[in-house]
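Have a look at upload-v3.txt below; it lists compact mmCIF, C-alpha atoms.
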# COMPACT_ATOMS: atom_id res chain seq x y z
CA MET M 28 -144.99 -13.30 4.79
CA ALA M 29 -148.22 -12.57 2.97
CA GLU M 30 -150.87 -10.69 4.84
CA ASN M 31 -154.05 -12.51 5.50
CA GLY M 32 -156.97 -10.12 5.15
CA LEU M 33 -157.88 -8.87 8.59
CA GLY M 34 -155.14 -7.42 10.71
CA ALA M 35 -151.56 -7.49 9.53
CA GLY M 36 -150.13 -10.72 10.90
CA ARG M 37 -153.11 -11.44 13.12
CA TYR M 38 -153.21 -15.10 12.17
CA LEU M 39 -149.51 -15.86 12.33
CA ALA M 40 -149.08 -19.57 12.93
CA PRO M 41 -147.03 -20.43 16.03
CA ALA M 42 -143.81 -22.38 15.75
CA GLU M 43 -143.71 -26.07 16.59
CA LEU M 44 -143.51 -27.01 20.27
CA PRO M 45 -140.29 -28.67 21.48
CA GLU M 46 -140.51 -32.48 21.35
CA ALA M 47 -140.05 -32.83 25.11
CA THR M 48 -143.09 -30.67 25.89
CA THR M 49 -145.68 -32.06 28.28
CA THR M 50 -149.15 -30.53 28.04
CA THR M 51 -151.91 -30.89 30.62
CA ALA M 52 -155.33 -29.24 30.73
CA HIS M 53 -156.73 -27.94 33.99
CA GLN M 54 -160.06 -26.54 35.15
CA LEU M 55 -159.85 -24.22 38.13
CA ALA M 56 -162.41 -22.77 40.51
CA THR M 57 -161.99 -19.09 41.34
CA SER M 58 -162.40 -17.72 44.84
CA ASP M 59 -165.88 -16.44 43.94
CA GLY M 60 -167.07 -19.74 42.46
CA ALA M 61 -166.51 -19.26 38.73
CA THR M 62 -164.74 -21.79 36.50
CA VAL M 63 -161.74 -21.07 34.29
CA ASN M 64 -159.62 -23.29 32.06
CA GLY M 65 -155.93 -23.37 31.28
CA LEU M 66 -153.15 -25.34 29.64
CA LEU M 67 -149.86 -26.03 31.38
CA ARG M 68 -146.96 -26.82 29.05
CA THR M 69 -143.62 -27.66 30.54
CA VAL M 70 -140.25 -29.06 29.54
CA PRO M 71 -137.71 -30.99 31.63
CA GLY M 72 -135.90 -28.78 34.13
CA ALA M 73 -138.29 -25.84 34.02
CA THR M 74 -138.81 -24.24 37.43
CA THR M 75 -139.98 -20.83 36.20
CA VAL M 76 -143.39 -20.58 34.55
CA ALA M 77 -144.61 -17.80 32.26
CA VAL M 78 -148.30 -16.86 32.41
CA LEU M 79 -150.04 -15.73 29.24
CA MET M 80 -153.58 -14.42 29.62
CA HIS M 81 -155.80 -11.90 27.85
CA PRO M 82 -159.09 -10.51 29.15
CA ARG M 83 -160.97 -11.31 25.93
CA GLN M 84 -158.96 -13.65 23.72
CA ASP M 85 -157.97 -17.31 23.91
CA PHE M 86 -154.20 -17.45 24.27
CA SER M 87 -153.97 -21.26 24.31
CA HIS M 88 -151.84 -21.29 21.17
CA HIS M 89 -150.14 -17.93 21.50
CA VAL M 90 -147.07 -17.33 19.33
CA LEU M 91 -144.82 -16.86 22.39
CA VAL M 92 -145.59 -20.34 23.78
CA PRO M 93 -143.02 -22.27 21.69
CA GLU M 94 -140.51 -19.43 21.93
CA LEU M 95 -140.47 -19.64 25.74
CA LEU M 96 -140.65 -23.43 25.94
CA SER M 97 -137.66 -23.75 23.61
CA GLN M 98 -135.64 -21.69 26.08
CA GLY M 99 -136.51 -23.93 29.01
CA TYR M 100 -139.49 -22.16 30.58
CA ALA M 101 -142.86 -23.66 31.39
CA VAL M 102 -145.88 -21.78 30.03
CA TRP M 103 -149.37 -21.47 31.50
CA THR M 104 -152.06 -20.15 29.13
CA GLN M 105 -155.40 -19.36 30.70
CA GLY M 106 -158.73 -17.83 29.78
CA THR M 107 -161.07 -15.68 31.79
CA ARG M 108 -164.59 -16.79 32.69
CA THR M 109 -165.82 -14.85 29.62
CA VAL M 110 -163.15 -15.85 27.09
CA GLY M 111 -164.45 -15.66 23.54
CA ASN M 112 -167.54 -13.70 24.57
CA ASP M 113 -166.75 -10.41 26.27
CA LEU M 114 -170.36 -9.23 26.43
CA THR M 115 -170.23 -9.39 30.24
CA LEU M 116 -166.49 -9.02 30.80
CA LEU M 117 -165.63 -7.28 34.07
CA HIS M 118 -161.92 -6.68 34.51
CA GLU M 119 -162.26 -6.83 38.28
CA GLN M 120 -163.65 -10.36 38.01
CA ALA M 121 -160.89 -11.24 35.54
CA LEU M 122 -158.40 -10.50 38.33
CA LEU M 123 -160.00 -13.29 40.35
CA ASP M 124 -159.60 -15.57 37.34
CA LEU M 125 -155.91 -14.68 37.03
CA ALA M 126 -155.48 -15.13 40.78
CA ALA M 127 -156.80 -18.70 40.53
CA GLY M 128 -154.11 -19.48 37.96
CA ASN M 129 -151.36 -17.96 40.07
CA VAL M 130 -152.43 -19.93 43.14
CA PHE M 131 -152.49 -23.11 41.05
CA LEU M 132 -148.97 -22.53 39.74
CA ARG M 133 -147.57 -21.84 43.20
CA ASP M 134 -149.22 -25.02 44.42
CA LYS M 135 -147.59 -26.91 41.54
CA GLY M 136 -144.23 -25.97 43.01
CA PHE M 137 -142.84 -23.52 40.48
CA SER M 138 -140.19 -21.39 42.16
CA ARG M 139 -140.83 -18.37 39.94
CA VAL M 140 -143.99 -17.11 38.23
CA VAL M 141 -143.77 -14.32 35.66
CA LEU M 142 -146.68 -12.61 33.95
CA ILE M 143 -146.46 -11.90 30.24
CA GLY M 144 -148.83 -9.29 28.90
CA HIS M 145 -149.33 -9.10 25.15
CA SER M 146 -151.63 -6.44 23.74
CA GLY M 147 -154.60 -6.09 26.12
CA GLY M 148 -153.08 -8.72 28.38
CA ALA M 149 -150.55 -6.14 29.59
CA ALA M 150 -153.14 -3.87 31.22
CA LEU M 151 -154.85 -6.88 32.79
CA ALA M 152 -151.55 -8.15 34.25
CA ALA M 153 -150.57 -4.68 35.50
CA PHE M 154 -154.00 -4.25 37.09
CA TYR M 155 -153.58 -7.63 38.79
CA LEU M 156 -150.10 -6.77 40.08
CA GLN M 157 -151.35 -3.43 41.39
CA GLN M 158 -154.20 -4.99 43.34
CA ALA M 159 -152.27 -8.09 44.46
CA ALA M 160 -149.58 -5.92 46.06
CA ARG M 161 -152.11 -4.07 48.19
CA PRO M 162 -153.23 -5.28 51.62
CA PRO M 163 -156.56 -7.13 51.14
CA ALA M 164 -158.52 -4.39 52.91
CA GLU M 165 -157.21 -1.80 50.43
CA ARG M 166 -158.10 -3.63 47.23
CA LEU M 167 -161.05 -2.58 45.11
CA ARG M 168 -164.39 -3.71 46.46
CA ARG M 169 -166.64 -2.82 43.55
CA THR M 170 -166.61 -2.56 39.79
CA PRO M 171 -167.11 0.90 38.26
CA SER M 172 -170.86 0.21 37.99
CA GLY M 173 -171.05 -0.63 41.69
CA LYS M 174 -171.17 -4.44 41.57
CA PRO M 175 -169.42 -6.03 44.55
CA VAL M 176 -166.17 -7.83 43.73
CA PRO M 177 -164.43 -9.79 46.53
CA LEU M 178 -160.80 -8.98 45.73
CA GLY M 179 -160.10 -8.50 49.41
CA GLU M 180 -161.15 -12.06 50.15
CA ALA M 181 -159.07 -13.65 47.41
CA GLU M 182 -155.58 -15.10 47.59
CA MET M 183 -153.64 -13.07 45.03
CA PRO M 184 -149.97 -14.09 44.87
CA VAL M 185 -147.69 -11.38 43.50
CA ALA M 186 -145.68 -12.56 40.50
CA ASP M 187 -141.88 -12.42 40.41
CA GLY M 188 -141.63 -10.56 37.11
CA PHE M 189 -143.66 -8.76 34.46
CA LEU M 190 -142.93 -8.88 30.74
CA MET M 191 -144.84 -7.05 28.01
CA MET M 192 -144.92 -7.47 24.24
CA ALA M 193 -146.67 -4.82 22.16
CA PRO M 194 -148.70 -3.56 25.12
CA HIS M 195 -151.60 -1.30 24.24
CA PRO M 196 -152.89 1.12 26.89
CA GLY M 197 -155.87 -0.99 27.98
CA GLN M 198 -159.23 -1.82 26.42
CA GLY M 199 -160.85 1.47 27.41
CA ALA M 200 -157.88 3.68 26.59
CA LEU M 201 -157.49 1.88 23.26
CA LEU M 202 -161.15 2.36 22.38
CA LEU M 203 -160.84 6.07 23.13
CA ARG M 204 -158.32 6.21 20.27
CA LEU M 205 -160.41 4.09 17.94
CA ILE M 206 -163.97 5.30 18.44
CA ASP M 207 -165.47 7.37 15.64
CA PRO M 208 -166.67 10.68 17.14
CA SER M 209 -168.64 11.63 14.04
CA VAL M 210 -171.51 9.29 15.00
CA VAL M 211 -174.55 11.46 15.68
CA ASP M 212 -177.14 8.73 16.27
CA GLU M 213 -176.07 5.69 18.33
CA ARG M 214 -178.87 3.70 16.70
CA ASP M 215 -177.67 4.36 13.16
CA PRO M 216 -174.30 2.92 12.06
CA ARG M 217 -174.25 5.21 9.01
CA SER M 218 -174.91 8.53 10.77
CA ALA M 219 -172.00 10.97 10.63
CA ALA M 220 -171.29 14.62 11.31
CA PRO M 221 -169.34 15.76 8.22
CA ASP M 222 -167.01 18.06 10.15
CA LEU M 223 -165.75 15.12 12.24
CA ASP M 224 -165.84 12.29 9.69
CA PRO M 225 -162.27 10.93 9.54
CA TYR M 226 -162.85 9.32 6.16
CA LEU M 227 -163.92 12.39 4.22
CA PRO M 228 -161.31 13.91 1.86
CA ALA M 229 -162.40 17.38 3.01
CA ASN M 230 -161.02 16.54 6.47
CA GLY M 231 -157.68 15.21 5.21
CA PHE M 232 -158.45 11.60 4.24
CA ALA M 233 -156.59 10.29 1.20
CA GLU M 234 -157.48 7.42 -1.10
CA PRO M 235 -155.98 4.21 0.39
CA PRO M 236 -153.24 3.21 0.65
CA GLY M 237 -151.92 6.73 0.39
CA SER M 238 -151.28 8.29 3.78
CA SER M 239 -153.88 10.82 4.89
CA ALA M 240 -152.89 14.21 6.28
CA TYR M 241 -155.04 15.72 9.03
CA SER M 242 -154.60 19.26 10.25
CA GLU M 243 -153.70 19.93 13.87
CA GLU M 244 -157.01 21.75 14.26
CA PHE M 245 -158.95 18.72 13.06
CA ILE M 246 -156.96 16.35 15.28
CA VAL M 247 -157.62 18.43 18.40
CA ALA M 248 -161.35 18.67 17.66
CA TYR M 249 -161.51 14.98 16.77
CA ARG M 250 -159.89 13.76 19.97
CA LYS M 251 -162.02 16.06 22.09
CA ALA M 252 -165.12 14.67 20.38
CA GLN M 253 -163.92 11.09 20.92
CA TYR M 254 -163.82 11.76 24.66
CA GLY M 255 -167.25 13.34 24.44
CA ARG M 256 -168.75 10.27 22.80
CA ILE M 257 -167.27 7.99 25.46
CA ALA M 258 -168.72 10.28 28.15
CA ARG M 259 -172.19 10.15 26.58
CA ILE M 260 -172.13 6.35 26.44
CA ASP M 261 -170.88 6.31 30.04
CA ALA M 262 -173.89 8.33 31.13
CA VAL M 263 -176.29 5.88 29.47
CA ALA M 264 -174.45 2.90 30.95
CA ARG M 265 -174.52 4.38 34.46
CA GLU M 266 -178.23 5.09 34.24
CA LEU M 267 -178.99 1.54 33.14
CA ALA M 268 -176.64 0.04 35.73
CA GLU M 269 -178.28 2.08 38.50
CA GLN M 270 -181.75 0.96 37.41
CA SER M 271 -180.57 -2.63 37.63
CA ALA M 272 -178.93 -2.09 41.03
CA THR M 273 -182.06 -0.46 42.41
CA ALA M 274 -184.16 -3.39 41.24
CA ARG M 275 -181.67 -5.84 42.81
CA ARG M 276 -181.93 -4.09 46.14
CA LYS M 277 -185.70 -4.03 45.91
CA TYR M 278 -185.82 -7.72 45.03
CA GLY M 279 -183.78 -8.46 48.14
CA GLU M 280 -186.62 -6.99 50.16
CA THR M 281 -189.68 -8.07 48.16
CA ARG M 282 -188.54 -11.34 46.53
CA ASP M 283 -190.91 -10.28 43.76
CA ALA M 284 -190.06 -11.91 40.42
CA ALA M 285 -190.95 -8.67 38.64
CA ASP M 286 -188.13 -6.88 40.46
CA ARG M 287 -185.76 -9.68 39.59
CA ARG M 288 -186.68 -9.39 35.90
CA THR M 289 -186.00 -5.66 35.99
CA ALA M 290 -182.63 -6.29 37.62
CA LEU M 291 -181.68 -8.74 34.87
CA ALA M 292 -183.04 -6.72 31.96
CA THR M 293 -180.19 -4.21 31.77
CA GLY M 294 -180.19 -4.35 28.00
CA VAL M 295 -177.15 -4.41 25.74
CA LEU M 296 -175.30 -1.37 24.45
CA THR M 297 -174.45 -1.39 20.76
CA VAL M 298 -171.46 0.79 19.98
CA TYR M 299 -170.95 1.29 16.25
CA ARG M 300 -167.88 2.42 14.37
CA THR M 301 -164.83 1.67 16.48
CA ASP M 302 -162.06 1.46 13.86
CA ALA M 303 -161.25 5.13 13.43
CA ASP M 304 -157.83 5.88 14.91
CA LEU M 305 -156.38 8.65 12.73
CA ARG M 306 -152.95 7.00 13.04
CA SER M 307 -154.20 4.02 11.05
CA VAL M 308 -154.40 6.11 7.88
CA ASP M 309 -152.13 9.08 8.64
CA LEU M 310 -148.71 7.49 9.04
CA SER M 311 -147.12 10.81 9.96
CA LEU M 312 -148.86 10.70 13.36
CA ASP M 313 -146.72 8.93 15.99
CA PRO M 314 -144.59 7.47 13.17
CA ASN M 315 -143.05 4.02 13.34
CA ASP M 316 -142.58 1.12 10.90
CA ARG M 317 -146.25 0.15 10.85
CA PRO M 318 -148.06 -0.61 7.60
CA TYR M 319 -151.10 1.35 6.47
CA GLY M 320 -154.27 0.12 8.14
CA SER M 321 -155.51 -0.97 11.54
CA LEU M 322 -155.61 -4.07 13.70
CA PHE M 323 -158.79 -5.02 11.86
CA GLY M 324 -157.60 -4.64 8.29
CA ARG M 325 -155.99 -2.65 5.52
CA ARG M 326 -159.08 -0.47 4.91
CA PRO M 327 -160.24 1.11 8.18
CA ASP M 328 -162.55 3.35 6.18
CA LEU M 329 -164.49 0.16 5.41
CA THR M 330 -163.98 -2.01 8.51
CA ASN M 331 -165.10 0.94 10.66
CA TYR M 332 -168.61 0.22 9.38
CA GLY M 333 -168.45 -3.55 9.85
CA VAL M 334 -170.20 -5.84 12.28
CA LEU M 335 -166.99 -6.71 14.12
CA GLY M 336 -165.18 -4.22 16.30
CA PHE M 337 -163.99 -3.46 19.81
CA GLY M 338 -166.80 -2.90 22.28
CA ARG M 339 -169.48 -3.53 19.67
CA LEU M 340 -171.89 -5.31 22.03
CA THR M 341 -171.59 -4.89 25.78
CA THR M 342 -173.65 -4.74 28.93
CA PRO M 343 -173.66 -1.45 30.86
CA ASP M 344 -171.53 -3.05 33.62
CA SER M 345 -169.00 -4.35 31.13
CA TRP M 346 -168.83 -1.05 29.28
CA LEU M 347 -167.90 0.82 32.45
CA SER M 348 -165.37 -1.80 33.58
CA THR M 349 -163.77 -2.72 30.27
CA TRP M 350 -164.45 -0.25 27.47
CA SER M 351 -164.67 3.14 29.16
CA ALA M 352 -161.47 5.16 29.28
CA ILE M 353 -163.22 7.40 31.78
CA SER M 354 -164.57 4.84 34.24
CA GLY M 355 -162.42 1.72 33.84
CA ASN M 356 -159.66 0.67 36.24
CA ALA M 357 -157.64 -1.56 33.89
CA ASP M 358 -155.54 1.24 32.45
CA LEU M 359 -151.89 0.39 31.87
CA ALA M 360 -150.55 3.89 32.49
CA ALA M 361 -152.55 4.19 35.71
CA CYS M 362 -151.46 0.80 37.06
CA LEU M 363 -147.77 0.75 36.11
CA PRO M 364 -146.54 3.12 38.85
CA ASP M 365 -147.73 0.54 41.39
CA VAL M 366 -145.96 -2.37 39.67
CA THR M 367 -142.59 -2.83 41.37
CA VAL M 368 -141.51 -6.32 40.26
CA PRO M 369 -138.74 -6.49 37.60
CA THR M 370 -140.28 -5.41 34.30
CA LEU M 371 -139.41 -5.82 30.61
CA LEU M 372 -141.20 -4.02 27.78
CA VAL M 373 -140.64 -5.31 24.26
CA GLU M 374 -141.78 -2.75 21.71
CA LEU M 375 -142.50 -3.96 18.17
CA THR M 376 -141.44 -1.29 15.70
CA GLY M 377 -144.36 -1.91 13.32
CA ASP M 378 -147.05 -1.91 16.00
CA GLN M 379 -150.45 -0.44 15.18
CA ALA M 380 -151.62 -0.14 18.81
CA CYS M 381 -148.51 0.65 20.88
CA PHE M 382 -146.69 3.59 19.33
CA PRO M 383 -143.16 4.75 20.22
CA ALA M 384 -144.41 7.48 22.54
CA ASP M 385 -146.63 4.93 24.29
CA ALA M 386 -143.77 2.51 24.87
CA GLN M 387 -141.54 5.25 26.25
CA ARG M 388 -144.34 6.54 28.48
CA PHE M 389 -145.04 3.06 29.85
CA HIS M 390 -141.34 2.56 30.56
CA ASP M 391 -141.11 5.93 32.30
CA LEU M 392 -144.21 5.23 34.40
CA SER M 393 -143.01 1.85 35.65
CA GLY M 394 -142.64 1.65 39.41
CA ALA M 395 -139.98 -1.06 39.07
CA ALA M 396 -136.40 -0.24 40.00
CA ASP M 397 -135.43 -2.91 37.46
CA SER M 398 -137.23 -1.77 34.27
CA THR M 399 -136.00 -2.48 30.74
CA HIS M 400 -137.30 -1.28 27.36
CA VAL M 401 -136.15 -2.89 24.11
CA ARG M 402 -137.30 -2.52 20.50
CA VAL M 403 -137.45 -5.28 17.88
CA PRO M 404 -138.80 -5.32 14.31
CA GLY M 405 -142.26 -6.82 14.09
CA ARG M 406 -145.98 -6.19 14.02
CA HIS M 407 -148.56 -6.14 16.78
CA PHE M 408 -149.55 -9.81 16.64
CA GLY M 409 -145.97 -11.03 16.28
CA ALA M 410 -145.68 -11.21 12.50
CA PRO M 411 -142.46 -10.25 10.70
CA LEU M 412 -142.11 -6.58 9.90
CA GLN M 413 -141.56 -7.50 6.26
CA GLU M 414 -141.67 -10.70 4.24
CA GLY M 415 -138.53 -12.75 4.72
CA MET M 416 -137.65 -11.23 8.09
CA THR M 417 -137.63 -13.07 11.41
CA SER M 418 -140.98 -12.86 13.15
CA GLY M 419 -141.53 -10.28 15.85
CA ALA M 420 -142.62 -13.09 18.16
CA THR M 421 -139.29 -14.90 17.78
CA LEU M 422 -137.31 -11.72 18.34
CA ALA M 423 -139.42 -10.81 21.36
CA GLY M 424 -139.09 -14.34 22.73
CA THR M 425 -135.32 -14.14 22.43
CA GLU M 426 -135.24 -10.86 24.34
CA MET M 427 -137.51 -12.32 27.01
CA GLY M 428 -135.34 -15.41 27.38
CA GLU M 429 -132.18 -13.36 27.84
CA TRP M 430 -133.90 -11.08 30.34
CA LEU M 431 -135.25 -14.03 32.32
CA ARG M 432 -131.95 -15.90 32.40
CA ALA M 433 -130.23 -12.85 33.83
CA ARG M 434 -132.69 -12.68 36.72
CA PHE M 435 -133.95 -16.24 37.26
CA PRO M 436 -131.10 -18.52 36.15
CA ALA M 437 -132.62 -21.51 37.90
CA GLY M 438 -135.77 -21.12 35.84
CA ALA M 439 -134.31 -22.08 32.48
CA LEU M 440 -132.20 -24.83 31.04
CA ALA M 441 -128.57 -24.02 30.47
CA PRO M 442 -128.09 -22.62 26.94
CA ALA M 443 -126.83 -25.19 24.45

Starting from the file, lay out its structure as structure tokens.
Amino acid sequence: MAENGLGAGRYLAPAELPEATTTTAHQLATSDGATVNGLLRTVPGATTVAVLMHPRQDFSHHVLVPELLSQGYAVWTQGTRTVGNDLTLLHEQALLDLAAGNVFLRDKGFSRVVLIGHSGGAALAAFYLQQAARPPAERLRRTPSGKPVPLGEAEMPVADGFLMMAPHPGQGALLLRLIDPSVVDERDPRSAAPDLDPYLPANGFAEPPGSSAYSEEFIVAYRKAQYGRIARIDAVARELAEQSATARRKYGETRDAADRRTALATGVLTVYRTDADLRSVDLSLDPNDRPYGSLFGRRPDLTNYGVLGFGRLTTPDSWLSTWSAISGNADLAACLPDVTVPTLLVELTGDQACFPADAQRFHDLSGAADSTHVRVPGRHFGAPLQEGMTSGATLAGTEMGEWLRARFPAGALAPA
């Protein structure tokens, strides 16, 4: 299959839906009064429903949808309240969005509900399962910036199973790997400290598509500096968030419009250069079957300077909740020990975001007594590993179907 510009396999077209598929659109109200939308696709005989949701992306036409439907499972695809525009995304609020979908599916009469986390959807689902399993009084009450979040007041049904395909470590943990630590001026997308610039030949960078070769000394300094940049942005975000919170409290007393304006005027953080994971260009680091390049394209040395990128524009609250590896709660490794429902992890061998050591670590950290880890050829977004091969999405869907049938036989049609 030919690549398509940005992101190897990012725009893989899904397979056709089974002819017997019934599709209905639903708009749901969350427990805190927001509105979310979802699509329920089902086939005759399906009593188990798979939930596909991502904190930022629209999964309505996800590549796993036809794979699961063809094996007799219903599929619910849902967005968050900020789908398509993550400027104000708070993962804690996204849990309330996911809870609304789970309540809806239980009310529809499905006997089994399983969460499927692809990419960043895995950390969101694990975070949900962690919080849903806790007594309401022990759930989080605030976002990392201090905003109240009523998780304790929400109905949060625990799912019956958790499946992951190409799970990355969470938005914040992923950005920690990707952020360019050579930036010396957050206002200037071109500023760079030469000793930390990952795309300078003097530091080990090779002309694409030849694999770069970074020294261990450079890698250690680079990763330490990545953490340092995240910490500096955290400090700015916390200062701005506290200014807003102070103004909100003051407005509650004064009802002065000026205080309200100050509370609303948090500003927007612009975070440049977030396509700089050394593994994208040095294929000897955490080796697997991945192609040269990143999730954004075949030339990270160029896309790193582009307008698009993870965490590019974000409010202080959203930065701390979603994009900070230091402050955020939606971290897959941190949540997995609290996830005890049967769990399947499908690793794609050509993944550019979940590397072999990641997949093994996530499997080892799982709190589930029934935890399975399998590997199939494919790329992060479900494309074939190489032209002419079966897609990673189809192979992953097959593994998921077999795993589900072994545990929830009433949830799928009998195999033909």

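Restricting the calculation to only C-alpha atoms, the smallest distance between Glu266 in chain M and any of M:Pro343, M:Gly111, M:Pro236, M:Gly333 is found for M:Pro343.
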
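Here CA of Gly72 in chain M stands at a distance of 10.7 Å from CA of Ala47 in chain M.
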
**Prompt:** Which of these residues is nearest to Val366 in chain M, using only C-alpha atoms: M:Pro383, M:Pro208, M:Gly188, M:Pro411?
**Reply:** M:Gly188

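Taking CA of Ile143 in chain M and CA of Met191 in chain M as the two end points, the separation is 5.6 Å.
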
For Pro71 in chain M, please output as a short mmCIF file (atom, residue, chain, number, x, y, z; two decimals) with C-alpha atoms, keeping the file's coordinate frame all residues within 9 Å (counting all atoms listed in the file; exclusion window: fewer than 3 positions along the same chain).
data_model
loop_
_atom_site.label_atom_id
_atom_site.label_comp_id
_atom_site.auth_asym_id
_atom_site.auth_seq_id
_atom_site.Cartn_x
_atom_site.Cartn_y
_atom_site.Cartn_z
CA ALA M 47 -140.05 -32.83 25.11
CA THR M 48 -143.09 -30.67 25.89
CA THR M 49 -145.68 -32.06 28.28
CA THR M 74 -138.81 -24.24 37.43
CA GLY M 99 -136.51 -23.93 29.01
CA ALA M 101 -142.86 -23.66 31.39
CA LEU M 440 -132.20 -24.83 31.04
#

**Request:** Please identify all polymer residues within 12 Å of Ala292 in chain M, counting all atoms listed in the file, omitting same-chain residues fewer than 6 positions from it, and present them as a count of residues only.
**Result:** 12

**Asked** If you count only C-alpha atoms, which residues fall within 6 Å of range 304-308 of chain M, apart from same-chain ones fewer than 6 positions away, as a VMD selection string?
**Response** chain M and resid 204 to 205 238 to 239 319 to 321

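Using all atoms listed in the file, the nearest neighbour of Ala229 in chain M within the list M:Tyr241, M:Ala77, M:Leu312, M:Lys277 is M:Tyr241.
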
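Take the candidates M:Leu296, M:Leu372, M:Leu91, M:Ala160 and check each one against Gly179 in chain M using only C-alpha atoms; the shortest distance goes to M:Ala160.
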
**Complete:** What separates CA of Ile257 in chain M and CA of Ile206 in chain M is a distance of 8.2 Å

Select, counting all atoms listed in the file, all protein, DNA and RNA residues no farther than 10 Å from (-154.6, -21.6, 22.2) in file coordinates, and express the selection as an mmCIF file with C-alpha atoms, in the coordinates of the input.
data_model
loop_
_atom_site.group_PDB
_atom_site.id
_atom_site.type_symbol
_atom_site.label_atom_id
_atom_site.label_comp_id
_atom_site.auth_asym_id
_atom_site.auth_seq_id
_atom_site.Cartn_x
_atom_site.Cartn_y
_atom_site.Cartn_z
ATOM 1 C CA PRO M 41 -147.030 -20.430 16.030
ATOM 2 C CA GLY M 65 -155.930 -23.370 31.280
ATOM 3 C CA LEU M 66 -153.150 -25.340 29.640
ATOM 4 C CA GLN M 84 -158.960 -13.650 23.720
ATOM 5 C CA ASP M 85 -157.970 -17.310 23.910
ATOM 6 C CA PHE M 86 -154.200 -17.450 24.270
ATOM 7 C CA SER M 87 -153.970 -21.260 24.310
ATOM 8 C CA HIS M 88 -151.840 -21.290 21.170
ATOM 9 C CA HIS M 89 -150.140 -17.930 21.500
ATOM 10 C CA VAL M 90 -147.070 -17.330 19.330
ATOM 11 C CA VAL M 92 -145.590 -20.340 23.780
ATOM 12 C CA THR M 104 -152.060 -20.150 29.130
ATOM 13 C CA GLN M 105 -155.400 -19.360 30.700
ATOM 14 C CA GLY M 106 -158.730 -17.830 29.780
#

**Message:** Can you tell me which residues surround Leu223 in chain M at a distance of at most 8 Å, considering only C-alpha atoms, apart from same-chain residues fewer than 4 positions away, and format the answer as number ranges by chain?
**Reply:** M: 208-209, 219, 230, 245, 248-249

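Counting all atoms listed in the file, the residue from M:Thr297, M:Asn356, M:Ser311, M:Thr57 that sits nearest to Leu335 in chain M is M:Thr297.
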
**Prompt:** Contacts of Leu340 in chain M at 10 Å or less, counting all atoms listed in the file, minus same-chain residues fewer than 3 places along, as a list of chain:residue names?
**Reply:** M:Asn112, M:Asp113, M:Leu114, M:Thr115, M:Val295, M:Leu296, M:Thr297, M:Val298, M:Tyr299, M:Val334, M:Leu335, M:Gly336, M:Phe337, M:Pro343, M:Ser345, M:Trp346

Write a file of the just-selected residues containing C-alpha atoms, as a compact mmCIF listing (two decimals), keeping the file's coordinate frame.
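out-v4.txt, freshly written:
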# COMPACT_ATOMS: atom_id res chain seq x y z
CA ASN M 112 -167.54 -13.70 24.57
CA ASP M 113 -166.75 -10.41 26.27
CA LEU M 114 -170.36 -9.23 26.43
CA THR M 115 -170.23 -9.39 30.24
CA VAL M 295 -177.15 -4.41 25.74
CA LEU M 296 -175.30 -1.37 24.45
CA THR M 297 -174.45 -1.39 20.76
CA VAL M 298 -171.46 0.79 19.98
CA TYR M 299 -170.95 1.29 16.25
CA VAL M 334 -170.20 -5.84 12.28
CA LEU M 335 -166.99 -6.71 14.12
CA GLY M 336 -165.18 -4.22 16.30
CA PHE M 337 -163.99 -3.46 19.81
CA PRO M 343 -173.66 -1.45 30.86
CA SER M 345 -169.00 -4.35 31.13
CA TRP M 346 -168.83 -1.05 29.28

Taking (-156.7, -12.8, 40.9) as a centre in this file's frame and 12 Å as the limit, can you find every polymer residue with an atom that close, using all atoms listed in the file, and give them as a compact mmCIF listing (two decimals) with C-alpha atoms, in the coordinates of the input?
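After the write, selection.txt holds the following:
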# COMPACT_ATOMS: atom_id res chain seq x y z
CA ALA M 56 -162.41 -22.77 40.51
CA THR M 57 -161.99 -19.09 41.34
CA SER M 58 -162.40 -17.72 44.84
CA ASP M 59 -165.88 -16.44 43.94
CA ALA M 61 -166.51 -19.26 38.73
CA VAL M 63 -161.74 -21.07 34.29
CA MET M 80 -153.58 -14.42 29.62
CA THR M 107 -161.07 -15.68 31.79
CA HIS M 118 -161.92 -6.68 34.51
CA GLU M 119 -162.26 -6.83 38.28
CA GLN M 120 -163.65 -10.36 38.01
CA ALA M 121 -160.89 -11.24 35.54
CA LEU M 122 -158.40 -10.50 38.33
CA LEU M 123 -160.00 -13.29 40.35
CA ASP M 124 -159.60 -15.57 37.34
CA LEU M 125 -155.91 -14.68 37.03
CA ALA M 126 -155.48 -15.13 40.78
CA ALA M 127 -156.80 -18.70 40.53
CA GLY M 128 -154.11 -19.48 37.96
CA ASN M 129 -151.36 -17.96 40.07
CA VAL M 130 -152.43 -19.93 43.14
CA PHE M 131 -152.49 -23.11 41.05
CA LEU M 151 -154.85 -6.88 32.79
CA ALA M 152 -151.55 -8.15 34.25
CA ALA M 153 -150.57 -4.68 35.50
CA PHE M 154 -154.00 -4.25 37.09
CA TYR M 155 -153.58 -7.63 38.79
CA LEU M 156 -150.10 -6.77 40.08
CA GLN M 157 -151.35 -3.43 41.39
CA GLN M 158 -154.20 -4.99 43.34
CA ALA M 159 -152.27 -8.09 44.46
CA ALA M 160 -149.58 -5.92 46.06
CA PRO M 163 -156.56 -7.13 51.14
CA ARG M 166 -158.10 -3.63 47.23
CA LEU M 167 -161.05 -2.58 45.11
CA VAL M 176 -166.17 -7.83 43.73
CA PRO M 177 -164.43 -9.79 46.53
CA LEU M 178 -160.80 -8.98 45.73
CA GLY M 179 -160.10 -8.50 49.41
CA GLU M 180 -161.15 -12.06 50.15
CA ALA M 181 -159.07 -13.65 47.41
CA GLU M 182 -155.58 -15.10 47.59
CA MET M 183 -153.64 -13.07 45.03
CA PRO M 184 -149.97 -14.09 44.87
CA VAL M 185 -147.69 -11.38 43.50
CA ALA M 186 -145.68 -12.56 40.50
